[in-house]
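What follows is a set of notes on a single structure, which appears directly below.
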Amino acid sequence: MLRPALLLVFALLTSSALAELAGTRPNILFILTDDQGYGDLSAHGNPVLKTPHLDRLRSESVRFTDFMVSPTCAPTRSALLTGRHEFRNGVTHTILERERLDPKATTVAQVLKSAGYTNGIFGKWHLGDEADFRPTQRGYDEQFIHGGGGIGQSYPGSCGDAPGNGYFNPAILHNDRFVKTEGYCTDVFFAQAKKWIESVKGKQPFYCHIATNAPHSPYIAKPADKALYEGKDLGEDTENFFGMLHNIDENVGSLLAQLEAWGIAKDTLVVFMNDNGGTAGTKVFNAGMHGSKGSPWIGGTRAMSFWRWPGKIQPADCSALTAHVDVFRTWAGLAGAKLSPEAEAQAEGRSLLALLENPQAEWAPRTLFTHVGRWPKGTDPDAAKTRNASIRTPQYHLVSEAMRPQAAKKALPAQPISGWQLFDLKSDPGELTNIADQKPEIVQEMIASYEAWWVSLKGQITLHEKATGPALNPFAELYWKQFGGGPSEADQARMNPEKAWTFETQRAKKK
């Protein structure tokens, strides 16, 4: 949080840039990948993976090189859409009803809609599968989504996909009815997004949200894409993972070319991000970072953030400490939307318009907080307050973890495995040397800010902690109502939490 005087200075420094881009009302094309890491890009130095179309997009964009997201998927999506930390939305997990977005929160889709935009989402939602939580209730005019956290995933309660779904020919919820698609999931989502854009372009500005479930596990690529990485001693999971990314790269390239063919490239802001740290590709390349998905380290929370708008935004690197919570105010500003008092109070992020206009613009210091969440259901969040948490300032990273990842154990054998550890990211971006003993005053100042932040979450963090989901996943219920049939033995197991967890554990062991 910033002091009032700093906020005034920040406002004065950015006012001219805000005037340049505010209210210009571009189309917004947002592409969000699932479990791709910052190092999973050839332009970032990956020695194996080839991503020519994403590399080109990057080269034509403002590139936020210190852009923070959450350690896992539903939390990041929640923060992106609302401009505030996921815990303030009641999102403290990815399942168990704790992935559901606060119904009272205002989404950026609702803000854009109020400014005359039409909005469509294609792919992954993961902020509530019950009817009242779905995108069409949160500002989207068009929804084409799978359920749960991934295609084919299903958990006790409300979080689950259509029964029997896989990465090929999945059943997708198109508005209020399922359609049985043909083809590979990523191809299906991009194809439907193109179809929708073609139907709305030129009539009013659009916001198209494409959120792939790839390259999330299970790692299943199209055979031809996987074959590109076979014989390189990567292991089958990474072969598939890189093949899935190749497919995303091809789809992005095709969509960018289509924008040109339609003649709307110069009217369209394209934003590309990944949702959290890397997974199957980190053993090949992790951009020198410590940690991965599900950890509070930089490797778990640093993301790509490329913003391309030909003729309006000049390509450049921007090293300012920025984050997913900044998207809300930025898009609202571009749309010329007037935030309601509730939305104004909700959005704790900043507008990036000044940095998009001038990547070297003054950017006041800030503090960002990360917590992996996922404490056991029914327990007191306060007991997990410093378990897998971190605090960021432009220079320092203070980290407290419950258990160090294997790679980190090897890198830092002399470091403790619990308690706060401090790293100077300017001189030690790989987080190899704990300097907490050398900078006790910095540690205490950062801990004090964290304590104050944690207290401020009261009443928000526990929103869904005691929620009880339905006996049957809503997507499964709707699917059987439309096509007939009923729950399989596995689906029946999911209705009983004890049996369901056993089923999921056994299924994981078989993979």
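Chain labels A, B, ... are given in the sequence in which chains occur in the structure tokens; within each chain residues are numbered consecutively from 1, and ligands are likewise numbered from 1 in the order shown.
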Do you have, as a tab-separated table, the list of residues of segment 131-246 of chain A lying at most 12 Å from segment 74-92 of chain A, each with its nearest atom pair and that distance in Å to one decimal, counting only C-alpha atoms and ordered by chain then number?
residue	atom	partner	partner_atom	distance
A:Pro135	CA	A:Leu81	CA	11.0
A:Arg138	CA	A:Leu81	CA	9.7
A:Gly139	CA	A:Leu81	CA	10.5
A:Tyr140	CA	A:Leu81	CA	11.7
A:Gly148	CA	A:Ala74	CA	10.0
A:Gly149	CA	A:Ala74	CA	7.7
A:Gly150	CA	A:Ala74	CA	10.9
A:Cys159	CA	A:Ala74	CA	11.5
A:His209	CA	A:Leu81	CA	10.8
A:Ala211	CA	A:Arg77	CA	9.7
A:Asn213	CA	A:Ala74	CA	12.0
Pull N, CA and C atoms from the residues just selected and write them as a PDB file, in the first residue's frame.
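Output below, filename result-v2.pdb:
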ATOM      1  N   PRO A 135     -19.399 -17.662 -16.348  1.00  0.00           N
ATOM      2  CA  PRO A 135     -19.076 -16.400 -17.017  1.00  0.00           C
ATOM      3  C   PRO A 135     -20.282 -15.575 -17.446  1.00  0.00           C
ATOM      4  N   ARG A 138     -21.192 -13.183 -15.065  1.00  0.00           N
ATOM      5  CA  ARG A 138     -20.121 -12.292 -14.618  1.00  0.00           C
ATOM      6  C   ARG A 138     -19.684 -11.302 -15.695  1.00  0.00           C
ATOM      7  N   GLY A 139     -20.556 -11.055 -16.671  1.00  0.00           N
ATOM      8  CA  GLY A 139     -20.266 -10.025 -17.657  1.00  0.00           C
ATOM      9  C   GLY A 139     -19.939 -10.514 -19.053  1.00  0.00           C
ATOM     10  N   TYR A 140     -19.920 -11.828 -19.260  1.00  0.00           N
ATOM     11  CA  TYR A 140     -19.615 -12.373 -20.587  1.00  0.00           C
ATOM     12  C   TYR A 140     -20.910 -12.658 -21.349  1.00  0.00           C
ATOM     13  N   GLY A 148     -14.495 -27.471 -14.133  1.00  0.00           N
ATOM     14  CA  GLY A 148     -13.400 -27.839 -13.244  1.00  0.00           C
ATOM     15  C   GLY A 148     -12.147 -27.033 -13.498  1.00  0.00           C
ATOM     16  N   GLY A 149     -11.025 -27.585 -13.019  1.00  0.00           N
ATOM     17  CA  GLY A 149      -9.748 -26.932 -13.239  1.00  0.00           C
ATOM     18  C   GLY A 149      -9.082 -27.354 -14.529  1.00  0.00           C
ATOM     19  N   GLY A 150      -9.618 -28.377 -15.169  1.00  0.00           N
ATOM     20  CA  GLY A 150      -9.049 -28.869 -16.415  1.00  0.00           C
ATOM     21  C   GLY A 150     -10.004 -29.821 -17.085  1.00  0.00           C
ATOM     22  N   CYS A 159     -16.890 -28.579  -8.311  1.00  0.00           N
ATOM     23  CA  CYS A 159     -15.824 -28.380  -9.289  1.00  0.00           C
ATOM     24  C   CYS A 159     -15.620 -29.631 -10.135  1.00  0.00           C
ATOM     25  N   HIS A 209     -11.557 -13.517 -24.496  1.00  0.00           N
ATOM     26  CA  HIS A 209     -10.744 -14.138 -23.451  1.00  0.00           C
ATOM     27  C   HIS A 209     -10.531 -15.605 -23.828  1.00  0.00           C
ATOM     28  N   ALA A 211      -8.577 -18.843 -22.810  1.00  0.00           N
ATOM     29  CA  ALA A 211      -7.804 -19.435 -21.714  1.00  0.00           C
ATOM     30  C   ALA A 211      -7.654 -20.927 -21.990  1.00  0.00           C
ATOM     31  N   ASN A 213      -6.523 -24.815 -21.567  1.00  0.00           N
ATOM     32  CA  ASN A 213      -6.220 -25.734 -20.462  1.00  0.00           C
ATOM     33  C   ASN A 213      -4.812 -26.303 -20.639  1.00  0.00           C
TER      34      ASN A 213
END
Inset, instruction - Taking the chain letters and numbering used in this document, name the residues of segment 173-331 of chain A that DSSP puts in helix (DSSP H, G or I), as a ChimeraX atom specification. - result: /A:185-200,223-227,236-262,265-267,298-301,324-331
Shell of 9 Å around segment 454-468 of chain A, only C-alpha atoms, local chain residues under 4 positions omitted, as a PDB file with N, CA and C atoms, in the first residue's frame:
ATOM      1  N   GLU A  86      -6.598 -12.555  -4.627  1.00  0.00           N
ATOM      2  CA  GLU A  86      -7.581 -13.637  -4.656  1.00  0.00           C
ATOM      3  C   GLU A  86      -8.228 -13.920  -3.305  1.00  0.00           C
ATOM      4  N   PHE A  87      -7.478 -13.761  -2.207  1.00  0.00           N
ATOM      5  CA  PHE A  87      -8.056 -14.042  -0.896  1.00  0.00           C
ATOM      6  C   PHE A  87      -9.207 -13.086  -0.584  1.00  0.00           C
ATOM      7  N   ARG A  88      -9.190 -11.888  -1.167  1.00  0.00           N
ATOM      8  CA  ARG A  88     -10.293 -10.947  -0.956  1.00  0.00           C
ATOM      9  C   ARG A  88     -11.545 -11.381  -1.727  1.00  0.00           C
ATOM     10  N   ASN A  89     -11.377 -12.308  -2.652  1.00  0.00           N
ATOM     11  CA  ASN A  89     -12.500 -12.883  -3.393  1.00  0.00           C
ATOM     12  C   ASN A  89     -12.945 -14.220  -2.815  1.00  0.00           C
ATOM     13  N   GLY A  90     -12.327 -14.635  -1.714  1.00  0.00           N
ATOM     14  CA  GLY A  90     -12.647 -15.936  -1.139  1.00  0.00           C
ATOM     15  C   GLY A  90     -12.016 -17.097  -1.869  1.00  0.00           C
ATOM     16  N   VAL A  91     -11.078 -16.829  -2.787  1.00  0.00           N
ATOM     17  CA  VAL A  91     -10.430 -17.886  -3.567  1.00  0.00           C
ATOM     18  C   VAL A  91      -9.122 -18.267  -2.872  1.00  0.00           C
ATOM     19  N   THR A  92      -9.144 -19.379  -2.160  1.00  0.00           N
ATOM     20  CA  THR A  92      -7.990 -19.823  -1.390  1.00  0.00           C
ATOM     21  C   THR A  92      -7.493 -21.204  -1.811  1.00  0.00           C
ATOM     22  N   LEU A  96     -12.840 -27.660  -3.936  1.00  0.00           N
ATOM     23  CA  LEU A  96     -13.557 -27.666  -2.656  1.00  0.00           C
ATOM     24  C   LEU A  96     -14.394 -26.407  -2.428  1.00  0.00           C
ATOM     25  N   GLU A  97     -14.959 -25.849  -3.510  1.00  0.00           N
ATOM     26  CA  GLU A  97     -15.754 -24.621  -3.459  1.00  0.00           C
ATOM     27  C   GLU A  97     -14.908 -23.394  -3.141  1.00  0.00           C
ATOM     28  N   ARG A  98     -13.639 -23.578  -2.869  1.00  0.00           N
ATOM     29  CA  ARG A  98     -12.756 -22.458  -2.557  1.00  0.00           C
ATOM     30  C   ARG A  98     -12.127 -21.859  -3.820  1.00  0.00           C
ATOM     31  N   GLU A  99     -12.566 -22.328  -4.984  1.00  0.00           N
ATOM     32  CA  GLU A  99     -12.156 -21.730  -6.256  1.00  0.00           C
ATOM     33  C   GLU A  99     -13.226 -20.765  -6.778  1.00  0.00           C
ATOM     34  N   ARG A 100     -14.359 -20.678  -6.088  1.00  0.00           N
ATOM     35  CA  ARG A 100     -15.485 -19.874  -6.574  1.00  0.00           C
ATOM     36  C   ARG A 100     -15.251 -18.384  -6.305  1.00  0.00           C
ATOM     37  N   ASP A 102     -16.117 -14.634  -5.512  1.00  0.00           N
ATOM     38  CA  ASP A 102     -17.110 -13.908  -4.730  1.00  0.00           C
ATOM     39  C   ASP A 102     -18.220 -13.365  -5.644  1.00  0.00           C
ATOM     40  N   GLY A 157     -18.010 -32.116  -4.731  1.00  0.00           N
ATOM     41  CA  GLY A 157     -18.654 -30.820  -4.694  1.00  0.00           C
ATOM     42  C   GLY A 157     -18.923 -30.264  -6.073  1.00  0.00           C
ATOM     43  N   SER A 158     -18.699 -28.969  -6.248  1.00  0.00           N
ATOM     44  CA  SER A 158     -19.146 -28.279  -7.449  1.00  0.00           C
ATOM     45  C   SER A 158     -18.128 -28.224  -8.567  1.00  0.00           C
ATOM     46  N   LYS A 377      -9.196 -28.159   4.460  1.00  0.00           N
ATOM     47  CA  LYS A 377     -10.570 -27.674   4.593  1.00  0.00           C
ATOM     48  C   LYS A 377     -11.033 -27.799   6.043  1.00  0.00           C
ATOM     49  N   GLY A 378     -11.675 -26.757   6.526  1.00  0.00           N
ATOM     50  CA  GLY A 378     -12.207 -26.766   7.876  1.00  0.00           C
ATOM     51  C   GLY A 378     -11.242 -26.302   8.939  1.00  0.00           C
ATOM     52  N   THR A 379     -10.006 -25.965   8.548  1.00  0.00           N
ATOM     53  CA  THR A 379      -9.034 -25.502   9.533  1.00  0.00           C
ATOM     54  C   THR A 379      -8.964 -23.974   9.513  1.00  0.00           C
ATOM     55  N   ASP A 380      -8.354 -23.411  10.526  1.00  0.00           N
ATOM     56  CA  ASP A 380      -8.257 -21.965  10.673  1.00  0.00           C
ATOM     57  C   ASP A 380      -7.160 -21.421   9.752  1.00  0.00           C
ATOM     58  N   PRO A 381      -7.489 -20.521   8.825  1.00  0.00           N
ATOM     59  CA  PRO A 381      -6.455 -19.956   7.954  1.00  0.00           C
ATOM     60  C   PRO A 381      -5.312 -19.304   8.733  1.00  0.00           C
ATOM     61  N   ASP A 382      -5.607 -18.768   9.907  1.00  0.00           N
ATOM     62  CA  ASP A 382      -4.561 -18.115  10.684  1.00  0.00           C
ATOM     63  C   ASP A 382      -3.428 -19.077  11.037  1.00  0.00           C
ATOM     64  N   LYS A 385      -0.873 -18.901   8.272  1.00  0.00           N
ATOM     65  CA  LYS A 385      -0.583 -17.530   7.853  1.00  0.00           C
ATOM     66  C   LYS A 385       0.782 -17.383   7.191  1.00  0.00           C
ATOM     67  N   SER A 449       4.376  -5.276   7.348  1.00  0.00           N
ATOM     68  CA  SER A 449       3.422  -4.995   6.273  1.00  0.00           C
ATOM     69  C   SER A 449       2.563  -6.221   5.987  1.00  0.00           C
ATOM     70  N   TYR A 450       3.159  -7.400   6.079  1.00  0.00           N
ATOM     71  CA  TYR A 450       2.417  -8.639   5.851  1.00  0.00           C
ATOM     72  C   TYR A 450       1.370  -8.857   6.944  1.00  0.00           C
TER      73      TYR A 450
END
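With atom CA of Phe369 of chain A on one side and atom CA of Glu344 of chain A on the other, the separation reads 20.3 Å.
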Among the residues of segment 70-179 of chain A, find those DSSP assigns to strand (DSSP E or B) from the backbone and print them as a PDB file with N, CA and C atoms, in the first residue's frame.
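To be explicit, this is the file written out as result.pdb:
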ATOM      1  N   THR A 118     -18.664  -6.038 -26.090  1.00  0.00           N
ATOM      2  CA  THR A 118     -19.242  -7.367 -26.042  1.00  0.00           C
ATOM      3  C   THR A 118     -18.123  -8.333 -25.685  1.00  0.00           C
ATOM      4  N   ASN A 119     -18.414  -9.319 -24.842  1.00  0.00           N
ATOM      5  CA  ASN A 119     -17.371 -10.137 -24.226  1.00  0.00           C
ATOM      6  C   ASN A 119     -17.611 -11.622 -24.455  1.00  0.00           C
ATOM      7  N   GLY A 120     -16.546 -12.341 -24.786  1.00  0.00           N
ATOM      8  CA  GLY A 120     -16.633 -13.783 -24.958  1.00  0.00           C
ATOM      9  C   GLY A 120     -15.466 -14.480 -24.305  1.00  0.00           C
ATOM     10  N   ILE A 121     -15.717 -15.659 -23.738  1.00  0.00           N
ATOM     11  CA  ILE A 121     -14.658 -16.458 -23.103  1.00  0.00           C
ATOM     12  C   ILE A 121     -14.647 -17.847 -23.714  1.00  0.00           C
ATOM     13  N   PHE A 122     -13.429 -18.354 -23.960  1.00  0.00           N
ATOM     14  CA  PHE A 122     -13.258 -19.624 -24.659  1.00  0.00           C
ATOM     15  C   PHE A 122     -12.178 -20.434 -23.946  1.00  0.00           C
ATOM     16  N   GLY A 123     -12.556 -21.584 -23.379  1.00  0.00           N
ATOM     17  CA  GLY A 123     -11.582 -22.449 -22.722  1.00  0.00           C
ATOM     18  C   GLY A 123     -11.843 -22.617 -21.254  1.00  0.00           C
ATOM     19  N   GLU A 142     -20.833 -14.369 -24.276  1.00  0.00           N
ATOM     20  CA  GLU A 142     -20.619 -15.654 -24.945  1.00  0.00           C
ATOM     21  C   GLU A 142     -19.690 -16.493 -24.094  1.00  0.00           C
ATOM     22  N   GLN A 143     -20.105 -17.736 -23.791  1.00  0.00           N
ATOM     23  CA  GLN A 143     -19.212 -18.634 -23.069  1.00  0.00           C
ATOM     24  C   GLN A 143     -19.095 -19.956 -23.805  1.00  0.00           C
ATOM     25  N   PHE A 144     -17.866 -20.446 -23.846  1.00  0.00           N
ATOM     26  CA  PHE A 144     -17.547 -21.710 -24.513  1.00  0.00           C
ATOM     27  C   PHE A 144     -16.450 -22.321 -23.655  1.00  0.00           C
ATOM     28  N   ILE A 145     -16.854 -23.061 -22.621  1.00  0.00           N
ATOM     29  CA  ILE A 145     -15.926 -23.426 -21.554  1.00  0.00           C
ATOM     30  C   ILE A 145     -16.037 -24.893 -21.160  1.00  0.00           C
ATOM     31  N   SER A 154     -12.499 -33.806 -12.127  1.00  0.00           N
ATOM     32  CA  SER A 154     -13.709 -33.736 -11.325  1.00  0.00           C
ATOM     33  C   SER A 154     -13.362 -34.012  -9.876  1.00  0.00           C
ATOM     34  N   GLY A 160     -16.061 -29.585 -11.398  1.00  0.00           N
ATOM     35  CA  GLY A 160     -15.892 -30.762 -12.234  1.00  0.00           C
ATOM     36  C   GLY A 160     -16.311 -30.522 -13.667  1.00  0.00           C
ATOM     37  N   PHE A 168      -9.146 -34.679 -26.651  1.00  0.00           N
ATOM     38  CA  PHE A 168      -9.636 -34.783 -28.022  1.00  0.00           C
ATOM     39  C   PHE A 168     -11.157 -34.906 -28.001  1.00  0.00           C
ATOM     40  N   ALA A 171     -16.591 -32.430 -24.843  1.00  0.00           N
ATOM     41  CA  ALA A 171     -17.904 -31.792 -24.762  1.00  0.00           C
ATOM     42  C   ALA A 171     -17.713 -30.456 -24.053  1.00  0.00           C
ATOM     43  N   ILE A 172     -18.127 -29.369 -24.692  1.00  0.00           N
ATOM     44  CA  ILE A 172     -17.887 -28.023 -24.187  1.00  0.00           C
ATOM     45  C   ILE A 172     -19.220 -27.317 -23.953  1.00  0.00           C
ATOM     46  N   LEU A 173     -19.325 -26.607 -22.853  1.00  0.00           N
ATOM     47  CA  LEU A 173     -20.536 -25.867 -22.547  1.00  0.00           C
ATOM     48  C   LEU A 173     -20.540 -24.565 -23.346  1.00  0.00           C
ATOM     49  N   HIS A 174     -21.415 -24.525 -24.356  1.00  0.00           N
ATOM     50  CA  HIS A 174     -21.554 -23.331 -25.194  1.00  0.00           C
ATOM     51  C   HIS A 174     -22.815 -22.608 -24.742  1.00  0.00           C
ATOM     52  N   ARG A 177     -25.806 -24.880 -23.282  1.00  0.00           N
ATOM     53  CA  ARG A 177     -25.915 -26.265 -23.733  1.00  0.00           C
ATOM     54  C   ARG A 177     -24.549 -26.799 -24.137  1.00  0.00           C
ATOM     55  N   PHE A 178     -24.385 -28.104 -23.959  1.00  0.00           N
ATOM     56  CA  PHE A 178     -23.138 -28.743 -24.359  1.00  0.00           C
ATOM     57  C   PHE A 178     -23.129 -29.001 -25.860  1.00  0.00           C
ATOM     58  N   VAL A 179     -21.940 -28.823 -26.442  1.00  0.00           N
ATOM     59  CA  VAL A 179     -21.726 -29.235 -27.823  1.00  0.00           C
ATOM     60  C   VAL A 179     -20.584 -30.245 -27.821  1.00  0.00           C
TER      61      VAL A 179
END
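Shortest atom-to-atom contact with Ala476 of chain A among A:His126, A:Lys50, A:His146, A:Lys283: A:His146, counting only C-alpha atoms.
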Legend entry - Among listed residues A:Arg63, A:Arg329, A:His216, A:Lys203, nearest Ala109 of chain A (using only C-alpha atoms): A:Arg329
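If you look at atom CA of Gly484 of chain A and atom CA of Tyr155 of chain A, they are 21.3 Å away from each other.
The space between atom CA of Gln482 of chain A and atom CA of Ile210 of chain A spans 25.7 Å.
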